[in-house]
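Beneath this line is the structure, given in C-alpha coordinates, with notes to follow.
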Amino acid sequence: MKSSAIWLIALIAFGSWAVAAAEGDLAAREMSVHEIIAALGVNDLSANEVRAIDSYVRLDVVDLSAFESSDEYQALETALGNTDDGWAMMQTAIIGNDLIEQELKRRSVEIGRVVAATMDDKGVVTIYIR
(Lines give C-alpha, C1' and ligand atoms only; values in the text may rest on other atoms or scores of the structure.)
Protein backbone atom coordinates (compact mmCIF):
# COMPACT_ATOMS: atom_id res chain seq x y z
CA MET A 1 0.00 0.00 0.00
CA LYS A 2 2.83 2.37 0.86
CA SER A 3 4.47 2.08 -2.58
CA SER A 4 1.11 2.68 -4.29
CA ALA A 5 0.78 5.92 -2.39
CA ILE A 6 4.30 6.94 -3.42
CA TRP A 7 3.49 6.30 -7.11
CA LEU A 8 0.29 8.34 -6.82
CA ILE A 9 2.13 11.22 -5.16
CA ALA A 10 4.83 11.09 -7.86
CA LEU A 11 2.18 11.17 -10.58
CA ILE A 12 0.52 14.17 -9.01
CA ALA A 13 3.76 15.99 -8.19
CA PHE A 14 5.45 15.49 -11.56
CA GLY A 15 2.35 15.34 -13.73
CA SER A 16 3.68 12.22 -15.44
CA TRP A 17 4.66 8.62 -14.84
CA ALA A 18 7.55 7.93 -12.53
CA VAL A 19 9.87 4.97 -12.62
CA ALA A 20 12.21 3.51 -10.04
CA ALA A 21 15.92 3.69 -10.69
CA ALA A 22 17.74 0.84 -9.02
CA GLU A 23 20.41 2.24 -6.69
CA GLY A 24 21.57 -1.05 -5.33
CA ASP A 25 19.90 -4.32 -5.66
CA LEU A 26 16.60 -3.31 -4.09
CA ALA A 27 16.69 0.36 -3.09
CA ALA A 28 15.12 2.80 -5.52
CA ARG A 29 14.36 6.44 -6.23
CA GLU A 30 11.82 7.67 -8.72
CA MET A 31 12.38 9.54 -11.97
CA SER A 32 9.79 11.13 -14.23
CA VAL A 33 9.82 11.18 -18.02
CA HIS A 34 10.69 14.87 -17.87
CA GLU A 35 13.70 14.24 -15.62
CA ILE A 36 14.94 11.50 -17.94
CA ILE A 37 14.55 13.67 -21.04
CA ALA A 38 16.37 16.54 -19.33
CA ALA A 39 19.20 14.22 -18.21
CA LEU A 40 19.58 12.79 -21.71
CA GLY A 41 19.74 16.31 -23.14
CA VAL A 42 22.33 17.63 -20.68
CA ASN A 43 24.33 14.68 -19.38
CA ASP A 44 24.27 12.21 -22.29
CA LEU A 45 27.46 10.18 -22.58
CA SER A 46 29.04 9.15 -25.86
CA ALA A 47 30.37 5.63 -26.29
CA ASN A 48 33.93 6.95 -25.92
CA GLU A 49 33.03 8.68 -22.65
CA VAL A 50 31.48 5.45 -21.32
CA ARG A 51 34.63 3.51 -22.20
CA ALA A 52 36.73 6.09 -20.32
CA ILE A 53 34.79 6.00 -17.01
CA ASP A 54 37.14 4.68 -14.34
CA SER A 55 35.10 5.60 -11.26
CA TYR A 56 31.68 6.84 -10.26
CA VAL A 57 29.84 7.70 -7.07
CA ARG A 58 26.78 5.56 -7.81
CA LEU A 59 25.37 3.65 -10.76
CA ASP A 60 21.60 3.71 -11.33
CA VAL A 61 19.67 1.61 -13.83
CA VAL A 62 16.40 2.96 -15.26
CA ASP A 63 14.06 0.66 -17.18
CA LEU A 64 12.37 2.81 -19.84
CA SER A 65 9.83 0.13 -20.70
CA ALA A 66 7.83 1.35 -17.69
CA PHE A 67 6.98 4.45 -19.75
CA GLU A 68 5.70 2.71 -22.89
CA SER A 69 2.08 3.50 -22.04
CA SER A 70 2.88 7.08 -21.06
CA ASP A 71 1.65 10.04 -23.10
CA GLU A 72 5.22 11.40 -23.08
CA TYR A 73 6.77 8.22 -24.53
CA GLN A 74 7.23 9.76 -27.99
CA ALA A 75 9.18 12.65 -26.43
CA LEU A 76 11.34 10.09 -24.64
CA GLU A 77 11.97 8.26 -27.93
CA THR A 78 12.95 11.57 -29.54
CA ALA A 79 15.37 12.31 -26.70
CA LEU A 80 16.92 8.85 -27.11
CA GLY A 81 17.27 9.49 -30.85
CA ASN A 82 19.17 12.70 -30.11
CA THR A 83 21.79 11.04 -27.90
CA ASP A 84 25.42 11.13 -29.01
CA ASP A 85 25.63 7.46 -29.95
CA GLY A 86 23.09 4.73 -30.67
CA TRP A 87 22.31 1.76 -28.47
CA ALA A 88 24.67 -0.62 -30.31
CA MET A 89 27.65 1.68 -29.78
CA MET A 90 26.63 2.16 -26.13
CA GLN A 91 26.44 -1.60 -25.55
CA THR A 92 29.86 -2.07 -27.15
CA ALA A 93 31.28 0.71 -24.96
CA ILE A 94 29.93 -0.93 -21.81
CA ILE A 95 31.53 -4.23 -22.82
CA GLY A 96 34.75 -2.21 -23.19
CA ASN A 97 34.46 -0.83 -19.65
CA ASP A 98 35.04 -3.63 -17.15
CA LEU A 99 33.95 -1.52 -14.16
CA ILE A 100 30.48 -0.81 -15.56
CA GLU A 101 30.08 -4.19 -17.24
CA GLN A 102 30.79 -6.06 -13.99
CA GLU A 103 28.37 -3.89 -12.01
CA LEU A 104 25.59 -4.49 -14.54
CA LYS A 105 26.31 -8.23 -14.49
CA ARG A 106 26.24 -8.20 -10.68
CA ARG A 107 22.76 -6.69 -10.86
CA SER A 108 21.69 -9.15 -13.57
CA VAL A 109 21.14 -6.36 -16.11
CA GLU A 110 21.49 -7.64 -19.67
CA ILE A 111 23.84 -5.40 -21.63
CA GLY A 112 21.74 -6.03 -24.72
CA ARG A 113 18.95 -3.97 -23.09
CA VAL A 114 21.11 -0.81 -22.71
CA VAL A 115 20.06 2.13 -24.90
CA ALA A 116 21.79 5.17 -23.35
CA ALA A 117 23.85 6.44 -20.42
CA THR A 118 24.25 9.71 -18.56
CA MET A 119 26.59 11.00 -15.86
CA ASP A 120 25.78 14.04 -13.75
CA ASP A 121 28.17 16.50 -12.13
CA LYS A 122 28.00 14.54 -8.85
CA GLY A 123 29.45 11.42 -10.49
CA VAL A 124 26.19 9.47 -10.70
CA VAL A 125 26.09 7.25 -13.80
CA THR A 126 22.63 6.27 -15.02
CA ILE A 127 22.20 3.43 -17.47
CA TYR A 128 18.91 3.39 -19.40
CA ILE A 129 17.56 0.04 -20.51
CA ARG A 130 14.52 -1.33 -22.38
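Just so we're on the same page: first chain in the C-alpha coordinates is A, next is B, and so on; residues restart at 1 for each chain, and ligands are numbered from 1 in the order they show up.
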Show me, as a ChimeraX atom specification, the residues that have an atom within 8 Å of segment 91-94 of chain A when counting only C-alpha atoms, minus same-chain residues fewer than 5 positions from it. /A:47-48,50-51,100-101,111-112,114-115
Show me, as a PyMOL selection string, the residues that have an atom within 7 Å of segment 121-123 of chain A when counting only C-alpha atoms, minus same-chain residues fewer than 5 positions from it. chain A and resi 56-58
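With distances restricted to only C-alpha atoms, A:Asp44 is the closest residue to Gly86 of chain A from A:Asp54, A:Glu103, A:Glu35, A:Asp44.
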Of the listed residues A:Ile36, A:Ala75, A:Met89, A:Val62, that which approaches Leu104 of chain A most closely, counting only C-alpha atoms: A:Val62
Select from segment 38-129 of chain A everything DSSP, run on the backbone, classes as helix (DSSP H, G or I), then give the selection as an mmCIF file with N, CA and C atoms, in the first residue's frame.
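Saved result, part28.cif, follows:
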```cif
data_model
loop_
_atom_site.group_PDB
_atom_site.id
_atom_site.type_symbol
_atom_site.label_atom_id
_atom_site.label_comp_id
_atom_site.auth_asym_id
_atom_site.auth_seq_id
_atom_site.Cartn_x
_atom_site.Cartn_y
_atom_site.Cartn_z
ATOM 1 N N ALA A 38 15.418 15.465 -19.665
ATOM 2 C CA ALA A 38 16.371 16.535 -19.325
ATOM 3 C C ALA A 38 17.778 15.964 -19.129
ATOM 4 N N ALA A 39 17.881 14.840 -18.433
ATOM 5 C CA ALA A 39 19.195 14.222 -18.205
ATOM 6 C C ALA A 39 19.831 13.797 -19.516
ATOM 7 N N LEU A 40 19.032 13.211 -20.413
ATOM 8 C CA LEU A 40 19.576 12.789 -21.710
ATOM 9 C C LEU A 40 20.048 13.993 -22.523
ATOM 10 N N GLY A 41 19.364 15.113 -22.396
ATOM 11 C CA GLY A 41 19.736 16.309 -23.142
ATOM 12 C C GLY A 41 20.994 16.986 -22.618
ATOM 13 N N VAL A 42 21.215 16.910 -21.309
ATOM 14 C CA VAL A 42 22.327 17.630 -20.684
ATOM 15 C C VAL A 42 23.523 16.736 -20.376
ATOM 16 N N ASN A 43 23.263 15.537 -19.906
ATOM 17 C CA ASN A 43 24.332 14.683 -19.380
ATOM 18 C C ASN A 43 24.600 13.427 -20.205
ATOM 19 N N ALA A 47 29.755 6.943 -26.497
ATOM 20 C CA ALA A 47 30.373 5.631 -26.291
ATOM 21 C C ALA A 47 31.812 5.789 -25.798
ATOM 22 N N ASN A 48 32.547 6.735 -26.351
ATOM 23 C CA ASN A 48 33.931 6.951 -25.918
ATOM 24 C C ASN A 48 33.989 7.404 -24.465
ATOM 25 N N GLU A 49 33.059 8.234 -24.039
ATOM 26 C CA GLU A 49 33.025 8.676 -22.647
ATOM 27 C C GLU A 49 32.705 7.509 -21.711
ATOM 28 N N VAL A 50 31.808 6.627 -22.140
ATOM 29 C CA VAL A 50 31.481 5.450 -21.321
ATOM 30 C C VAL A 50 32.701 4.557 -21.172
ATOM 31 N N ARG A 51 33.410 4.349 -22.256
ATOM 32 C CA ARG A 51 34.629 3.514 -22.205
ATOM 33 C C ARG A 51 35.655 4.089 -21.226
ATOM 34 N N ALA A 52 35.702 5.422 -21.124
ATOM 35 C CA ALA A 52 36.725 6.089 -20.319
ATOM 36 C C ALA A 52 36.384 6.201 -18.832
ATOM 37 N N LEU A 64 13.267 1.908 -19.100
ATOM 38 C CA LEU A 64 12.365 2.805 -19.837
ATOM 39 C C LEU A 64 11.091 2.122 -20.300
ATOM 40 N N SER A 65 11.050 0.815 -20.264
ATOM 41 C CA SER A 65 9.834 0.126 -20.695
ATOM 42 C C SER A 65 8.643 0.456 -19.793
ATOM 43 N N ALA A 66 8.908 0.945 -18.599
ATOM 44 C CA ALA A 66 7.831 1.348 -17.691
ATOM 45 C C ALA A 66 7.043 2.534 -18.249
ATOM 46 N N PHE A 67 7.625 3.264 -19.193
ATOM 47 C CA PHE A 67 6.982 4.452 -19.747
ATOM 48 C C PHE A 67 6.250 4.204 -21.061
ATOM 49 N N TYR A 73 5.822 9.203 -24.027
ATOM 50 C CA TYR A 73 6.770 8.217 -24.535
ATOM 51 C C TYR A 73 7.411 8.660 -25.853
ATOM 52 N N GLN A 74 6.664 9.307 -26.713
ATOM 53 C CA GLN A 74 7.235 9.761 -27.986
ATOM 54 C C GLN A 74 8.337 10.792 -27.745
ATOM 55 N N ALA A 75 8.140 11.671 -26.766
ATOM 56 C CA ALA A 75 9.179 12.649 -26.427
ATOM 57 C C ALA A 75 10.422 11.941 -25.891
ATOM 58 N N LEU A 76 10.219 10.881 -25.136
ATOM 59 C CA LEU A 76 11.340 10.087 -24.636
ATOM 60 C C LEU A 76 12.084 9.419 -25.789
ATOM 61 N N GLU A 77 11.349 8.870 -26.747
ATOM 62 C CA GLU A 77 11.973 8.258 -27.930
ATOM 63 C C GLU A 77 12.770 9.293 -28.724
ATOM 64 N N THR A 78 12.246 10.494 -28.844
ATOM 65 C CA THR A 78 12.948 11.570 -29.545
ATOM 66 C C THR A 78 14.242 11.914 -28.819
ATOM 67 N N ALA A 79 14.173 12.009 -27.488
ATOM 68 C CA ALA A 79 15.372 12.307 -26.697
ATOM 69 C C ALA A 79 16.419 11.209 -26.865
ATOM 70 N N LEU A 80 15.987 9.953 -26.891
ATOM 71 C CA LEU A 80 16.924 8.851 -27.110
ATOM 72 C C LEU A 80 17.550 8.936 -28.503
ATOM 73 N N GLY A 81 16.759 9.343 -29.490
ATOM 74 C CA GLY A 81 17.268 9.487 -30.850
ATOM 75 C C GLY A 81 18.283 10.602 -30.990
ATOM 76 N N TRP A 87 22.274 2.811 -29.473
ATOM 77 C CA TRP A 87 22.314 1.764 -28.467
ATOM 78 C C TRP A 87 23.399 0.731 -28.754
ATOM 79 N N ALA A 88 23.650 0.400 -30.002
ATOM 80 C CA ALA A 88 24.668 -0.617 -30.313
ATOM 81 C C ALA A 88 26.056 -0.134 -29.903
ATOM 82 N N MET A 89 26.355 1.121 -30.178
ATOM 83 C CA MET A 89 27.651 1.679 -29.778
ATOM 84 C C MET A 89 27.757 1.753 -28.258
ATOM 85 N N MET A 90 26.633 2.076 -27.597
ATOM 86 C CA MET A 90 26.635 2.161 -26.133
ATOM 87 C C MET A 90 26.878 0.788 -25.517
ATOM 88 N N GLN A 91 26.244 -0.236 -26.056
ATOM 89 C CA GLN A 91 26.441 -1.598 -25.546
ATOM 90 C C GLN A 91 27.889 -2.039 -25.730
ATOM 91 N N THR A 92 28.464 -1.731 -26.885
ATOM 92 C CA THR A 92 29.862 -2.075 -27.147
ATOM 93 C C THR A 92 30.780 -1.335 -26.180
ATOM 94 N N ALA A 93 30.465 -0.079 -25.894
ATOM 95 C CA ALA A 93 31.280 0.708 -24.960
ATOM 96 C C ALA A 93 31.226 0.120 -23.555
ATOM 97 N N ILE A 94 30.055 -0.338 -23.146
ATOM 98 C CA ILE A 94 29.934 -0.933 -21.808
ATOM 99 C C ILE A 94 30.741 -2.227 -21.725
ATOM 100 N N ILE A 95 30.712 -3.013 -22.789
ATOM 101 C CA ILE A 95 31.526 -4.234 -22.818
ATOM 102 C C ILE A 95 33.006 -3.865 -22.727
ATOM 103 N N ASP A 98 35.199 -2.522 -18.089
ATOM 104 C CA ASP A 98 35.043 -3.626 -17.146
ATOM 105 C C ASP A 98 34.322 -3.211 -15.873
ATOM 106 N N LEU A 99 34.567 -2.004 -15.388
ATOM 107 C CA LEU A 99 33.947 -1.515 -14.160
ATOM 108 C C LEU A 99 32.422 -1.495 -14.288
ATOM 109 N N ILE A 100 31.924 -0.904 -15.358
ATOM 110 C CA ILE A 100 30.478 -0.806 -15.560
ATOM 111 C C ILE A 100 29.894 -2.160 -15.948
ATOM 112 N N GLU A 101 30.580 -2.879 -16.812
ATOM 113 C CA GLU A 101 30.079 -4.190 -17.236
ATOM 114 C C GLU A 101 29.901 -5.129 -16.039
ATOM 115 N N GLN A 102 30.877 -5.162 -15.155
ATOM 116 C CA GLN A 102 30.793 -6.056 -13.993
ATOM 117 C C GLN A 102 29.658 -5.644 -13.053
ATOM 118 N N GLU A 103 29.457 -4.345 -12.881
ATOM 119 C CA GLU A 103 28.366 -3.893 -12.011
ATOM 120 C C GLU A 103 27.016 -4.259 -12.606
ATOM 121 N N LEU A 104 26.852 -4.113 -13.906
ATOM 122 C CA LEU A 104 25.590 -4.489 -14.543
ATOM 123 C C LEU A 104 25.372 -6.005 -14.448
ATOM 124 N N LYS A 105 26.426 -6.774 -14.635
ATOM 125 C CA LYS A 105 26.308 -8.230 -14.489
ATOM 126 C C LYS A 105 25.946 -8.607 -13.062
ATOM 127 N N ARG A 106 26.549 -7.928 -12.093
ATOM 128 C CA ARG A 106 26.244 -8.197 -10.682
ATOM 129 C C ARG A 106 24.764 -7.985 -10.396
ATOM 130 N N ILE A 111 23.239 -6.507 -20.883
ATOM 131 C CA ILE A 111 23.844 -5.400 -21.625
ATOM 132 C C ILE A 111 23.111 -5.153 -22.934
ATOM 133 N N GLY A 112 22.511 -6.176 -23.504
ATOM 134 C CA GLY A 112 21.736 -6.029 -24.725
ATOM 135 C C GLY A 112 20.487 -5.182 -24.568
ATOM 136 N N ARG A 113 20.120 -4.837 -23.343
ATOM 137 C CA ARG A 113 18.950 -3.973 -23.093
ATOM 138 C C ARG A 113 19.343 -2.494 -22.970
#
```
Name the residues of segment 57-90 of chain A that come out as strand (DSSP E or B) in a backbone DSSP run; write them as a PyMOL selection string. chain A and resi 58-63
Writer output for current selection, all heavy atoms, as a JSON list (two decimals), in the first residue's frame:
```json
[["chain", "number", "residue", "atom", "x", "y", "z"],
["A", 58, "ARG", "N", 27.89, 6.52, -7.86],
["A", 58, "ARG", "CA", 26.78, 5.56, -7.81],
["A", 58, "ARG", "C", 26.38, 5.23, -9.24],
["A", 58, "ARG", "O", 26.54, 6.06, -10.13],
["A", 58, "ARG", "CB", 25.61, 6.19, -7.06],
["A", 58, "ARG", "CG", 24.45, 5.25, -6.82],
["A", 58, "ARG", "CD", 23.32, 5.91, -6.04],
["A", 58, "ARG", "NE", 22.57, 6.80, -6.90],
["A", 58, "ARG", "CZ", 22.24, 8.06, -6.61],
["A", 58, "ARG", "NH1", 22.62, 8.59, -5.47],
["A", 58, "ARG", "NH2", 21.55, 8.79, -7.45],
["A", 59, "LEU", "N", 25.86, 4.04, -9.45],
["A", 59, "LEU", "CA", 25.37, 3.65, -10.76],
["A", 59, "LEU", "C", 23.90, 3.27, -10.61],
["A", 59, "LEU", "O", 23.56, 2.40, -9.81],
["A", 59, "LEU", "CB", 26.16, 2.46, -11.32],
["A", 59, "LEU", "CG", 25.81, 2.13, -12.78],
["A", 59, "LEU", "CD1", 27.06, 1.87, -13.57],
["A", 59, "LEU", "CD2", 24.88, 0.95, -12.84],
["A", 60, "ASP", "N", 23.03, 3.99, -11.33],
["A", 60, "ASP", "CA", 21.60, 3.71, -11.33],
["A", 60, "ASP", "C", 21.24, 3.04, -12.65],
["A", 60, "ASP", "O", 21.88, 3.29, -13.67],
["A", 60, "ASP", "CB", 20.78, 5.00, -11.21],
["A", 60, "ASP", "CG", 20.94, 5.69, -9.87],
["A", 60, "ASP", "OD1", 21.33, 5.03, -8.89],
["A", 60, "ASP", "OD2", 20.67, 6.90, -9.79],
["A", 61, "VAL", "N", 20.20, 2.23, -12.63],
["A", 61, "VAL", "CA", 19.67, 1.61, -13.83],
["A", 61, "VAL", "C", 18.20, 1.98, -13.92],
["A", 61, "VAL", "O", 17.45, 1.76, -12.97],
["A", 61, "VAL", "CB", 19.83, 0.08, -13.81],
["A", 61, "VAL", "CG1", 19.21, -0.54, -15.05],
["A", 61, "VAL", "CG2", 21.31, -0.30, -13.69],
["A", 62, "VAL", "N", 17.79, 2.56, -15.05],
["A", 62, "VAL", "CA", 16.40, 2.96, -15.26],
["A", 62, "VAL", "C", 15.83, 2.16, -16.42],
["A", 62, "VAL", "O", 16.35, 2.20, -17.53],
["A", 62, "VAL", "CB", 16.29, 4.48, -15.56],
["A", 62, "VAL", "CG1", 14.85, 4.86, -15.87],
["A", 62, "VAL", "CG2", 16.83, 5.29, -14.39],
["A", 63, "ASP", "N", 14.74, 1.45, -16.16],
["A", 63, "ASP", "CA", 14.06, 0.66, -17.18],
["A", 63, "ASP", "C", 13.00, 1.54, -17.86],
["A", 63, "ASP", "O", 11.98, 1.87, -17.26],
["A", 63, "ASP", "CB", 13.41, -0.57, -16.57],
["A", 63, "ASP", "CG", 12.88, -1.53, -17.60],
["A", 63, "ASP", "OD1", 12.82, -1.19, -18.80],
["A", 63, "ASP", "OD2", 12.50, -2.63, -17.21]]
```
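The smallest atom-to-atom distance between Thr126 of chain A and any of A:Glu68, A:Asp85, A:Gly96, A:Leu45, using only C-alpha atoms, is found for A:Leu45.
For the choices A:Asp84, A:Ile127, A:Asp71, A:Ser32, the atom-to-atom distance to Glu110 of chain A is smallest for A:Ile127 when using only C-alpha atoms.
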